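Printed here is input.cif (mmCIF, C-alpha atoms and all ligand atoms):
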data_structure
#
loop_
_atom_site.label_atom_id
_atom_site.label_comp_id
_atom_site.auth_asym_id
_atom_site.auth_seq_id
_atom_site.Cartn_x
_atom_site.Cartn_y
_atom_site.Cartn_z
CA MET A 25 0.00 0.00 0.00
CA ILE A 26 1.16 3.51 -0.72
CA ASP A 27 1.65 5.56 2.44
CA ALA A 28 2.66 9.12 3.35
CA ARG A 29 6.34 8.14 3.28
CA ILE A 30 6.24 6.88 -0.33
CA THR A 31 3.99 9.77 -1.36
CA ALA A 32 6.52 12.26 0.04
CA MET A 33 9.29 10.56 -1.96
CA ILE A 34 7.25 10.65 -5.16
CA ASN A 35 6.47 14.35 -4.61
CA PHE A 36 10.18 15.15 -4.91
CA VAL A 37 10.45 13.57 -8.39
CA GLU A 38 10.71 16.29 -11.00
CA ALA A 39 8.70 16.22 -14.23
CA GLY A 40 10.51 14.44 -17.05
CA SER A 41 12.87 12.57 -14.71
CA ARG A 42 14.48 9.22 -15.47
CA VAL A 43 14.19 7.33 -12.22
CA ALA A 44 15.71 4.26 -10.58
CA ASP A 45 13.81 2.84 -7.60
CA ILE A 46 16.55 0.87 -5.83
CA GLY A 47 15.32 -1.84 -3.44
CA ALA A 48 11.82 -1.53 -4.90
CA ASP A 49 10.45 -4.53 -2.97
CA HIS A 50 6.65 -4.39 -3.56
CA GLY A 51 7.22 -1.79 -6.31
CA TYR A 52 4.70 0.72 -4.94
CA LEU A 53 6.94 3.76 -5.36
CA SER A 54 7.49 2.91 -9.03
CA ILE A 55 3.82 2.08 -9.61
CA PHE A 56 2.45 5.26 -8.06
CA LEU A 57 5.15 7.36 -9.67
CA ALA A 58 4.19 5.88 -13.05
CA LYS A 59 0.55 6.76 -12.34
CA THR A 60 1.47 10.43 -11.85
CA GLY A 61 2.92 10.46 -15.38
CA ARG A 62 5.74 12.64 -14.05
CA ALA A 63 8.68 10.37 -14.93
CA ASP A 64 9.87 9.64 -18.48
CA PHE A 65 11.53 6.37 -17.52
CA ILE A 66 11.28 4.14 -14.43
CA VAL A 67 13.36 1.13 -13.50
CA ALA A 68 12.46 -0.82 -10.35
CA THR A 69 15.31 -2.94 -8.97
CA ASP A 70 15.91 -5.30 -6.11
CA LYS A 71 18.80 -7.44 -4.93
CA ASN A 72 16.50 -10.32 -4.05
CA ALA A 73 14.35 -12.34 -6.43
CA LEU A 74 11.34 -12.73 -4.11
CA PRO A 75 10.62 -9.02 -3.63
CA LEU A 76 11.34 -8.32 -7.28
CA ASP A 77 8.81 -11.00 -8.26
CA ALA A 78 6.28 -9.30 -5.97
CA ALA A 79 7.03 -5.98 -7.69
CA LYS A 80 6.60 -7.59 -11.12
CA LYS A 81 3.21 -9.01 -10.09
CA ASN A 82 2.03 -5.65 -8.71
CA ILE A 83 3.30 -3.82 -11.79
CA ALA A 84 1.48 -6.27 -14.08
CA ALA A 85 -1.72 -6.00 -11.99
CA ALA A 86 -1.55 -2.22 -12.41
CA GLY A 87 -1.17 -2.68 -16.19
CA LEU A 88 2.21 -0.95 -16.15
CA ASP A 89 4.62 -3.64 -17.49
CA ASP A 90 5.36 -1.57 -20.55
CA VAL A 91 6.04 1.54 -18.43
CA ILE A 92 8.24 0.18 -15.60
CA GLU A 93 11.33 -1.94 -16.24
CA THR A 94 12.42 -4.37 -13.54
CA ARG A 95 15.98 -5.53 -12.86
CA LEU A 96 17.47 -7.98 -10.38
CA GLY A 97 20.77 -6.97 -8.84
CA ASP A 98 22.78 -5.26 -6.14
CA GLY A 99 22.37 -1.51 -5.66
CA LEU A 100 23.36 0.67 -8.60
CA GLN A 101 25.24 -2.17 -10.35
CA VAL A 102 22.19 -2.81 -12.53
CA LEU A 103 22.33 0.69 -14.02
CA SER A 104 24.51 2.14 -16.78
CA VAL A 105 25.93 5.63 -16.79
CA GLY A 106 23.48 8.20 -18.16
CA GLU A 107 20.46 5.93 -18.01
CA VAL A 108 18.80 7.71 -15.08
CA ASP A 109 19.11 11.17 -13.53
CA THR A 110 17.26 10.44 -10.28
CA ILE A 111 17.78 7.67 -7.75
CA CYS A 112 15.18 6.83 -5.10
CA ILE A 113 16.09 4.64 -2.12
CA GLY A 114 13.58 4.17 0.68
CA GLY A 115 13.27 1.83 3.64
CA MET A 116 16.97 0.95 3.97
CA GLY A 117 19.45 1.73 6.73
CA GLY A 118 21.66 4.78 6.30
CA ALA A 119 24.90 2.77 6.26
CA LEU A 120 23.55 0.49 3.52
CA ILE A 121 22.50 3.47 1.42
CA CYS A 122 26.03 4.94 1.68
CA LYS A 123 27.55 1.54 0.83
CA ILE A 124 25.34 1.22 -2.26
CA PHE A 125 26.68 4.60 -3.45
CA ASP A 126 30.29 3.72 -2.56
CA ASP A 127 30.02 0.51 -4.58
CA ALA A 128 29.12 2.38 -7.81
CA PRO A 129 30.88 5.77 -7.86
CA ASN A 130 30.56 6.08 -11.64
CA ILE A 131 26.75 5.86 -11.43
CA LEU A 132 26.56 8.20 -8.42
CA ASP A 133 28.69 10.72 -10.31
CA SER A 134 26.34 10.58 -13.27
CA VAL A 135 23.05 11.41 -11.51
CA GLU A 136 21.65 14.80 -10.57
CA ASN A 137 19.04 14.03 -7.93
CA LEU A 138 18.74 11.64 -4.99
CA ILE A 139 15.54 11.02 -3.05
CA LEU A 140 16.39 9.10 0.09
CA GLN A 141 14.44 7.85 3.09
CA PRO A 142 16.93 6.25 5.48
CA MET A 143 15.48 4.17 8.33
CA ASN A 144 18.31 5.31 10.62
CA ALA A 145 21.66 7.16 10.64
CA VAL A 146 20.04 10.10 8.86
CA ASP A 147 22.82 12.48 9.91
CA LYS A 148 25.43 10.09 8.54
CA VAL A 149 23.64 10.06 5.18
CA LYS A 150 23.46 13.87 5.11
CA ALA A 151 27.19 14.16 5.89
CA TYR A 152 27.95 11.59 3.19
CA LEU A 153 25.94 13.50 0.60
CA THR A 154 27.76 16.74 1.41
CA GLU A 155 31.12 14.95 1.07
CA GLU A 156 30.00 13.65 -2.32
CA ASN A 157 29.19 17.20 -3.46
CA PHE A 158 25.43 16.94 -3.28
CA TYR A 159 23.39 19.80 -1.81
CA ILE A 160 20.59 18.94 0.60
CA ALA A 161 17.98 20.85 -1.36
CA ASP A 162 14.98 19.98 0.79
CA ILE A 163 13.79 17.65 3.50
CA ASP A 164 10.24 16.51 4.09
CA LEU A 165 8.69 14.65 7.00
CA ALA A 166 6.11 11.91 6.67
CA GLU A 167 4.34 9.83 9.28
CA ALA A 168 3.56 6.20 8.56
CA GLY A 169 2.74 3.43 11.02
CA GLY A 170 3.25 5.82 13.95
CA ILE A 171 6.82 6.72 12.93
CA ILE A 172 7.97 10.03 11.51
CA TYR A 173 10.49 9.67 8.67
CA GLU A 174 12.83 12.20 7.10
CA ILE A 175 12.83 12.24 3.30
CA ILE A 176 15.92 13.88 1.83
CA PHE A 177 15.97 15.53 -1.57
CA ALA A 178 19.62 16.03 -2.57
CA SER A 179 20.84 17.51 -5.82
CA ARG A 180 24.07 18.37 -7.62
CA ASN A 181 22.34 21.59 -8.63
CA ALA A 182 22.73 24.29 -5.94
CA GLU A 183 19.86 26.28 -7.45
CA LYS A 184 17.45 23.69 -6.12
CA ILE A 185 18.31 24.63 -2.52
CA SER A 186 16.04 27.64 -2.83
CA ALA A 187 13.14 25.20 -2.84
CA ARG A 188 14.05 24.13 0.70
CA LYS A 189 10.89 24.77 2.66
CA LYS A 190 9.08 21.51 3.30
CA PHE A 191 10.85 20.77 6.60
CA GLU A 192 10.41 24.24 8.02
CA THR A 193 6.71 24.32 7.18
CA SER A 194 5.87 20.68 7.95
CA PRO A 195 3.03 20.20 10.45
CA LEU A 196 5.09 17.29 11.83
CA ARG A 197 8.19 19.40 12.50
CA GLU A 198 7.60 20.19 16.19
CA LYS A 199 6.58 16.65 17.06
CA TYR A 200 9.57 15.25 15.14
CA LEU A 201 12.08 17.59 16.81
CA ALA A 202 10.62 16.90 20.27
CA LEU A 203 10.94 13.13 19.70
CA LYS A 204 14.48 13.53 18.39
CA LYS A 205 15.43 15.64 21.41
CA GLU A 206 13.91 13.13 23.80
CA LYS A 207 15.88 10.31 22.16
CA LEU A 208 19.17 12.22 22.39
CA GLN A 209 18.50 13.11 26.03
CA ARG A 210 17.87 9.41 26.79
CA VAL A 211 21.18 8.45 25.19
CA LEU A 212 23.04 11.17 27.13
CA SER A 213 21.48 10.11 30.39
CA GLU A 214 22.52 6.46 29.77
CA MET A 215 26.06 7.58 28.87
CA SER A 216 26.25 9.72 32.02
CA LYS A 217 26.39 6.49 34.03
CA SER A 218 29.92 5.84 32.81
CA ALA A 219 32.86 8.22 33.24
CA ALA A 220 34.51 6.84 30.08
CA ALA A 221 31.36 7.38 28.01
CA MET A 222 30.99 10.89 29.41
CA SER A 223 34.46 11.88 28.28
CA SER A 224 33.99 10.40 24.80
CA GLU A 225 33.75 12.31 21.51
CA LYS A 226 30.25 10.87 21.00
CA TYR A 227 29.00 12.39 24.27
CA LEU A 228 30.25 15.80 23.18
CA GLN A 229 28.66 15.44 19.74
CA ILE A 230 25.27 14.59 21.27
CA GLN A 231 25.55 17.51 23.70
CA ASN A 232 26.32 19.84 20.79
CA LYS A 233 23.38 18.49 18.81
CA LEU A 234 21.06 19.08 21.77
CA ASN A 235 22.39 22.59 22.33
CA ALA A 236 21.81 23.36 18.66
CA MET A 237 18.20 22.23 19.02
CA ASN A 238 17.45 24.54 21.97
C1 LIG A 301 12.40 -2.63 3.51
S1 LIG A 301 12.39 -2.84 1.79
C2 LIG A 301 12.01 -1.21 1.25
C3 LIG A 301 11.05 -1.24 0.11
C4 LIG A 301 10.69 0.10 -0.50
N1 LIG A 301 11.84 0.72 -1.12
C5 LIG A 301 10.06 1.04 0.50
O1 LIG A 301 10.62 2.11 0.77
O2 LIG A 301 8.99 0.71 1.02
C6 LIG A 301 14.09 -2.98 1.36
C7 LIG A 301 14.30 -3.69 0.02
O3 LIG A 301 15.64 -3.44 -0.39
C8 LIG A 301 16.17 -4.62 -0.95
N2 LIG A 301 17.64 -4.49 -0.87
C9 LIG A 301 18.43 -4.64 0.22
N3 LIG A 301 19.72 -4.41 -0.11
C10 LIG A 301 19.74 -4.11 -1.43
C11 LIG A 301 20.75 -3.78 -2.36
N4 LIG A 301 22.03 -3.73 -1.98
N5 LIG A 301 20.42 -3.53 -3.63
C12 LIG A 301 19.10 -3.58 -4.03
N6 LIG A 301 18.10 -3.90 -3.20
C13 LIG A 301 18.41 -4.16 -1.92
C14 LIG A 301 15.55 -5.74 -0.14
O4 LIG A 301 15.55 -6.96 -0.85
C15 LIG A 301 14.14 -5.19 0.11
O5 LIG A 301 13.25 -5.62 -0.87
#
Is it possible to give me this structure as structure tokens?
Amino acid sequence: MIDARITAMINFVEAGSRVADIGADHGYLSIFLAKTGRADFIVATDKNALPLDAAKKNIAAAGLDDVIETRLGDGLQVLSVGEVDTICIGGMGGALICKIFDDAPNILDSVENLILQPMNAVDKVKAYLTEENFYIADIDLAEAGGIIYEIIFASRNAEKISARKKFETSPLREKYLALKKEKLQRVLSEMSKSAAAMSSEKYLQIQNKLNAMN
């Protein structure tokens, strides 16, 4: 089923884009993106045969087999340079997303836009994108199944940063920041039980993050 998280990802896809949906699983992002008519080309991929078969079935049931290509394979390895300009990755851990990019630098170098919804390590993903010369153009928040997710729109094109407004105006922003703060405070309070943890770099980083949020 399509949810607010997938909808928010689709909303970042620009008209006329050529899109790869990496780790498509059920294929819903590709299917609902195809239904918007916004993308010129869509390829849905997965590393595992079972989810890709599920995607193929859902794509066929939606009558979209001639609109969405499917490919079995690891990360960006199934793509060739210049084939797509936008990569969508949702529902994976932040470290795995960074690894997928590290494993195919030629493909990463060749795309303009990334639409990412990491399940964790969101700050790590943002730092990685900056290192790889992407601008965080916008961030949206979406609530699904009682969890608030960050959806990152990153681009090689600095002009797209001016569009950065979804996070600041999101009705979920206050709730999300309060939850994030609470989580960081919990971690700090656990770490405070050990002198070694309290004098660690990580403790200082969390303190700085919390101060920046106040
Ligand atoms: C939790 S599902 C996310 C599905 C969908 N993208 C979403 O956001 O709802 C993760 C999918 O990624 C696939 N996957 C994991 N590692 C992958 C990789 N290295 N390359 C491609 N697909 C991968 C898994 O097989 C699984 O189907």
Name each residue within 9 Å of ligand LIG 301 (chain A), counting all atoms listed in the file, as a compact mmCIF listing (two decimals) with C-alpha atoms, keeping the file's coordinate frame.
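Full text of selection_13.txt as output:
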# COMPACT_ATOMS: atom_id res chain seq x y z
CA ILE A 26 1.16 3.51 -0.72
CA ASP A 27 1.65 5.56 2.44
CA ARG A 29 6.34 8.14 3.28
CA ILE A 30 6.24 6.88 -0.33
CA MET A 33 9.29 10.56 -1.96
CA ASP A 45 13.81 2.84 -7.60
CA ILE A 46 16.55 0.87 -5.83
CA GLY A 47 15.32 -1.84 -3.44
CA ALA A 48 11.82 -1.53 -4.90
CA ASP A 49 10.45 -4.53 -2.97
CA HIS A 50 6.65 -4.39 -3.56
CA GLY A 51 7.22 -1.79 -6.31
CA TYR A 52 4.70 0.72 -4.94
CA LEU A 53 6.94 3.76 -5.36
CA THR A 69 15.31 -2.94 -8.97
CA ASP A 70 15.91 -5.30 -6.11
CA LYS A 71 18.80 -7.44 -4.93
CA ASN A 72 16.50 -10.32 -4.05
CA ALA A 73 14.35 -12.34 -6.43
CA LEU A 74 11.34 -12.73 -4.11
CA PRO A 75 10.62 -9.02 -3.63
CA LEU A 76 11.34 -8.32 -7.28
CA LEU A 96 17.47 -7.98 -10.38
CA GLY A 97 20.77 -6.97 -8.84
CA ASP A 98 22.78 -5.26 -6.14
CA GLY A 99 22.37 -1.51 -5.66
CA LEU A 100 23.36 0.67 -8.60
CA GLN A 101 25.24 -2.17 -10.35
CA CYS A 112 15.18 6.83 -5.10
CA ILE A 113 16.09 4.64 -2.12
CA GLY A 114 13.58 4.17 0.68
CA GLY A 115 13.27 1.83 3.64
CA MET A 116 16.97 0.95 3.97
CA GLY A 117 19.45 1.73 6.73
CA LEU A 120 23.55 0.49 3.52
CA ILE A 121 22.50 3.47 1.42
CA LYS A 123 27.55 1.54 0.83
CA ILE A 124 25.34 1.22 -2.26
CA GLN A 141 14.44 7.85 3.09
CA PRO A 142 16.93 6.25 5.48
CA MET A 143 15.48 4.17 8.33
Given 6 Å on each side, where is the centre and what are the edge lengths in Å to one decimal of the axis-aligned box enclosing the listed atoms of stretch 225-229 of chain A, as JSON?
{"center_x": 31.2, "center_y": 13.3, "center_z": 22.0, "size_x": 17.1, "size_y": 16.9, "size_z": 16.5}
Can you tell me which residues surround stretch 210-215 of chain A at a distance of at most 9 Å, considering only C-alpha atoms, apart from same-chain residues fewer than 4 positions away, and format the answer as an mmCIF file with C-alpha atoms, keeping the file's coordinate frame?
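Now in result-v3.cif:
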data_model
loop_
_atom_site.group_PDB
_atom_site.id
_atom_site.type_symbol
_atom_site.label_atom_id
_atom_site.label_comp_id
_atom_site.auth_asym_id
_atom_site.auth_seq_id
_atom_site.Cartn_x
_atom_site.Cartn_y
_atom_site.Cartn_z
ATOM 1 C CA LYS A 205 15.430 15.640 21.410
ATOM 2 C CA GLU A 206 13.910 13.130 23.800
ATOM 3 C CA ALA A 219 32.860 8.220 33.240
ATOM 4 C CA ALA A 220 34.510 6.840 30.080
ATOM 5 C CA ALA A 221 31.360 7.380 28.010
ATOM 6 C CA MET A 222 30.990 10.890 29.410
ATOM 7 C CA TYR A 227 29.000 12.390 24.270
ATOM 8 C CA ILE A 230 25.270 14.590 21.270
ATOM 9 C CA GLN A 231 25.550 17.510 23.700
#
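As for atom CA of A:Asn235 and atom CA of A:Phe191, they are spaced 19.6 Å apart.
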Using only C-alpha atoms for the distances, tell me which of A:Phe56, A:Tyr159, A:Phe36, A:Tyr200 is nearest to A:Thr110. A:Phe36
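Taking atom CA of A:Arg188 and atom CA of A:Phe125 as endpoints, the distance between them is 23.6 Å.
A straight line drawn from atom CA of A:Glu38 to atom CA of A:Ser194 is 20.0 Å long.
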Residues at most 12 Å from stretch 161-165 of chain A, counting all atoms listed in the file, excluding those fewer than 5 positions away in the same chain, as a PyMOL selection string? chain A and resi 28-36+136-142+146+150+153-154+171-201
Nearest candidate to A:Tyr152 (options A:Gly61, A:Gly118, A:Gly87, A:Gly106; using all atoms listed in the file): A:Gly118
May I ask which of the residues A:Arg95, A:Ser104, A:Val149, A:Ala86 is the closest one to A:Ser134, counting only C-alpha atoms? A:Ser104
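Closest approach to A:Asn232 from the set A:Val105, A:Leu208, A:Lys217, A:Pro129 is made by A:Leu208, with distances taken over all atoms listed in the file.
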